[in-house]
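Chemist: First the structure, then my questions, so here it is.
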Amino acid sequence: DIKRTKTHRATTMHDVPVNFDGHPSPPRGRGRDRSESVVSDHGDDHEEAERQAAAELAAATTEALRNVSLRPSSFYKIVLTGGPCGGKTTALARLSSYLRERGFEVITCPEAFTILGSNGFEMSYFGTEGMGMVVQDTVMKLQESLEDGFEKILRARGKPGVLLCDRGLMDGAAYMSTEEWDELLERKGILNVCALREGRYNAVYHLVTAAQGAEKFYSLENNETRTESPSEARALD
């Protein structure tokens, strides 16, 4: 028997196995699954069992559910992060168009805290003791749920797909002390931050805030939930 387990590692732009100059080029059969282990057993019995299971699945479910289960096409989850006013929103829009022109199905996942802030949450709420922990826990849960749901929809299409995320699950660490972040992870039962980084995403790109070297372009006007001063933006970045 041969057992092959996919390893996790930090990813750079050159590591992402996407043919951006042409059509999608899946590097590993059905695409990269950040948590999948593949076990290959020799013997006709095993192959026959796989064929039978696939036939039963095809008969019992819809096309969308089969695609979610069988994952016939490549899928990539990419994060754009960085300090406030770093161009993430603009980059997401341009990348979406670029990838769609090259045959990918693309969905963008919004920043969870922006959803919270644009629906009645006020910064004064942080005046309540312990509110920071509650907010960051909520933001992480919401971000995770959005990403997982959007991924399921893309996989259900059965075509090469890319999920572009406005920030990722690690971003909360920039808004908490090290002690608070460690406490949050302990409460959620997360033993290794790799599960929030290379264990979850194919690539994470950091876009530097305009407050760092281009302060005259730093603005609060294009994001109603942005409140940071240039110095605070640099610290967060």
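Following the order of the structure tokens, first chain is A, next is B, and so on, with residues numbered from 1 inside each chain and ligands from 1 in the order they appear.
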Which residues are near A:Ile115? Cut-off 10 Å, only C-alpha atoms, ignore same chain within fewer than 4 positions. Put them as a ChimeraX atom specification.
Modeler: /A:110-111,119-121,139,142-143,225
Chemist: For the selection you just gave me, I'd like the residues written to a file as a short mmCIF file (atom, residue, chain, number, x, y, z; two decimals), in the first residue's frame, keeping N, CA, C and O atoms.
Modeler:
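Heads up, here's the output in out_15.cif:
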```cif
data_model
loop_
_atom_site.label_atom_id
_atom_site.label_comp_id
_atom_site.auth_asym_id
_atom_site.auth_seq_id
_atom_site.Cartn_x
_atom_site.Cartn_y
_atom_site.Cartn_z
N PRO A 110 -16.40 38.96 1.48
CA PRO A 110 -16.21 40.25 2.13
C PRO A 110 -15.57 40.15 3.50
O PRO A 110 -15.58 39.08 4.13
N GLU A 111 -15.02 41.25 3.96
CA GLU A 111 -14.44 41.31 5.30
C GLU A 111 -15.55 41.26 6.34
O GLU A 111 -16.52 42.03 6.30
N ASN A 119 -23.67 47.56 9.70
CA ASN A 119 -25.03 47.16 10.05
C ASN A 119 -25.38 47.52 11.50
O ASN A 119 -26.14 46.80 12.17
N GLY A 120 -24.84 48.64 11.97
CA GLY A 120 -25.26 49.17 13.26
C GLY A 120 -24.24 49.09 14.38
O GLY A 120 -24.40 49.77 15.40
N PHE A 121 -23.21 48.27 14.23
CA PHE A 121 -22.19 48.20 15.29
C PHE A 121 -21.46 49.53 15.38
O PHE A 121 -21.07 50.11 14.38
N VAL A 139 -16.29 37.86 14.76
CA VAL A 139 -15.74 38.13 13.44
C VAL A 139 -15.10 36.87 12.85
O VAL A 139 -15.30 36.55 11.67
N LEU A 142 -17.88 34.45 11.81
CA LEU A 142 -18.57 34.93 10.62
C LEU A 142 -17.70 34.77 9.38
O LEU A 142 -18.17 34.31 8.33
N GLN A 143 -16.41 35.12 9.49
CA GLN A 143 -15.49 34.99 8.36
C GLN A 143 -15.37 33.54 7.92
O GLN A 143 -15.42 33.21 6.73
N THR A 225 -16.40 52.09 7.70
CA THR A 225 -16.00 51.45 8.96
C THR A 225 -14.54 51.71 9.30
O THR A 225 -14.06 51.24 10.34
#
```
Chemist: Write out as a PyMOL selection string the set of residues from stretch 13-213 of chain A that DSSP, computed on the backbone, places in helix (DSSP H, G or I).
Modeler: chain A and resi 44-60+63-70+88-101+112-117+123-127+131-157+169-175+178-187+193-196
Chemist: Which residue, A:Ile190, A:Arg157, A:Val135, A:Thr81, has the smallest gap to A:Glu63 when you use only C-alpha atoms?
Modeler: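 Answer, going by the shortest atom-to-atom distance: A:Arg157.
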Chemist: Just the residues within 8 Å of stretch 160-163 of chain A, please, counting only C-alpha atoms, with nothing from its chain fewer than 2 positions along; format it as a ChimeraX atom specification.
Modeler: /A:24,26,73-78,103-109,147,150-151,154-155,158,165
Chemist: Store the residues picked out above, limited to N, CA and C atoms, as a CSV table (one decimal), in the first residue's frame.
Modeler:
```csv
chain,number,residue,atom,x,y,z
A,24,PRO,N,-7.2,27.5,-17.0
A,24,PRO,CA,-6.9,26.8,-15.8
A,24,PRO,C,-6.1,25.6,-16.0
A,26,PRO,N,-5.1,22.7,-13.6
A,26,PRO,CA,-5.1,22.0,-12.3
A,26,PRO,C,-3.8,21.2,-12.1
A,73,SER,N,-13.0,19.5,-10.1
A,73,SER,CA,-12.2,20.6,-10.7
A,73,SER,C,-11.3,21.3,-9.6
A,74,SER,N,-10.3,22.0,-10.1
A,74,SER,CA,-9.4,22.7,-9.2
A,74,SER,C,-10.1,23.8,-8.5
A,75,PHE,N,-9.6,24.1,-7.3
A,75,PHE,CA,-10.2,25.2,-6.4
A,75,PHE,C,-9.0,25.8,-5.7
A,76,TYR,N,-9.1,27.2,-5.6
A,76,TYR,CA,-8.0,27.9,-4.9
A,76,TYR,C,-8.7,29.0,-4.0
A,77,LYS,N,-8.1,29.1,-2.8
A,77,LYS,CA,-8.6,30.1,-1.8
A,77,LYS,C,-7.5,31.0,-1.5
A,78,ILE,N,-7.7,32.3,-1.9
A,78,ILE,CA,-6.6,33.3,-1.8
A,78,ILE,C,-7.0,34.5,-0.9
A,103,GLY,N,-11.2,31.8,-17.5
A,103,GLY,CA,-11.9,30.6,-17.4
A,103,GLY,C,-12.3,30.2,-16.0
A,104,PHE,N,-11.9,31.0,-15.0
A,104,PHE,CA,-12.3,30.6,-13.6
A,104,PHE,C,-13.6,31.1,-13.2
A,105,GLU,N,-14.3,30.3,-12.3
A,105,GLU,CA,-15.4,30.8,-11.6
A,105,GLU,C,-14.9,31.6,-10.4
A,106,VAL,N,-15.3,32.8,-10.1
A,106,VAL,CA,-14.7,33.6,-9.0
A,106,VAL,C,-15.8,34.2,-8.1
A,107,ILE,N,-15.6,34.1,-6.8
A,107,ILE,CA,-16.5,34.7,-5.8
A,107,ILE,C,-15.5,35.5,-4.9
A,108,THR,N,-15.9,36.7,-4.5
A,108,THR,CA,-15.1,37.4,-3.5
A,108,THR,C,-15.8,37.3,-2.1
A,109,CYS,N,-15.1,37.1,-1.1
A,109,CYS,CA,-15.6,37.0,0.3
A,109,CYS,C,-15.4,38.3,1.0
A,147,GLU,N,-16.6,32.1,4.2
A,147,GLU,CA,-15.6,31.4,3.4
A,147,GLU,C,-16.1,30.0,3.0
A,150,PHE,N,-19.2,30.0,0.7
A,150,PHE,CA,-18.8,30.4,-0.7
A,150,PHE,C,-18.0,29.4,-1.4
A,151,GLU,N,-17.1,28.7,-0.6
A,151,GLU,CA,-16.4,27.6,-1.2
A,151,GLU,C,-17.3,26.5,-1.7
A,154,LEU,N,-18.9,27.4,-5.0
A,154,LEU,CA,-18.0,27.3,-6.1
A,154,LEU,C,-17.7,25.9,-6.5
A,155,ARG,N,-17.5,25.0,-5.5
A,155,ARG,CA,-17.3,23.6,-5.7
A,155,ARG,C,-18.5,23.0,-6.4
A,158,GLY,N,-18.7,22.7,-10.2
A,158,GLY,CA,-17.9,21.7,-10.9
A,158,GLY,C,-16.9,22.2,-11.9
A,165,CYS,N,-10.5,36.3,-0.8
A,165,CYS,CA,-11.0,36.7,0.5
A,165,CYS,C,-10.4,38.1,0.9
```
Chemist: Which of these residues is nearest to A:Asp166, using only C-alpha atoms: A:Gly132, A:Gly87, A:Gly199, A:Pro72?
Modeler: A:Gly87
Chemist: If you measure from atom CA of A:Leu196 to atom CA of A:Leu70, what distance in Å do you get, rounded to one decimal?
Modeler: 24.4 Å
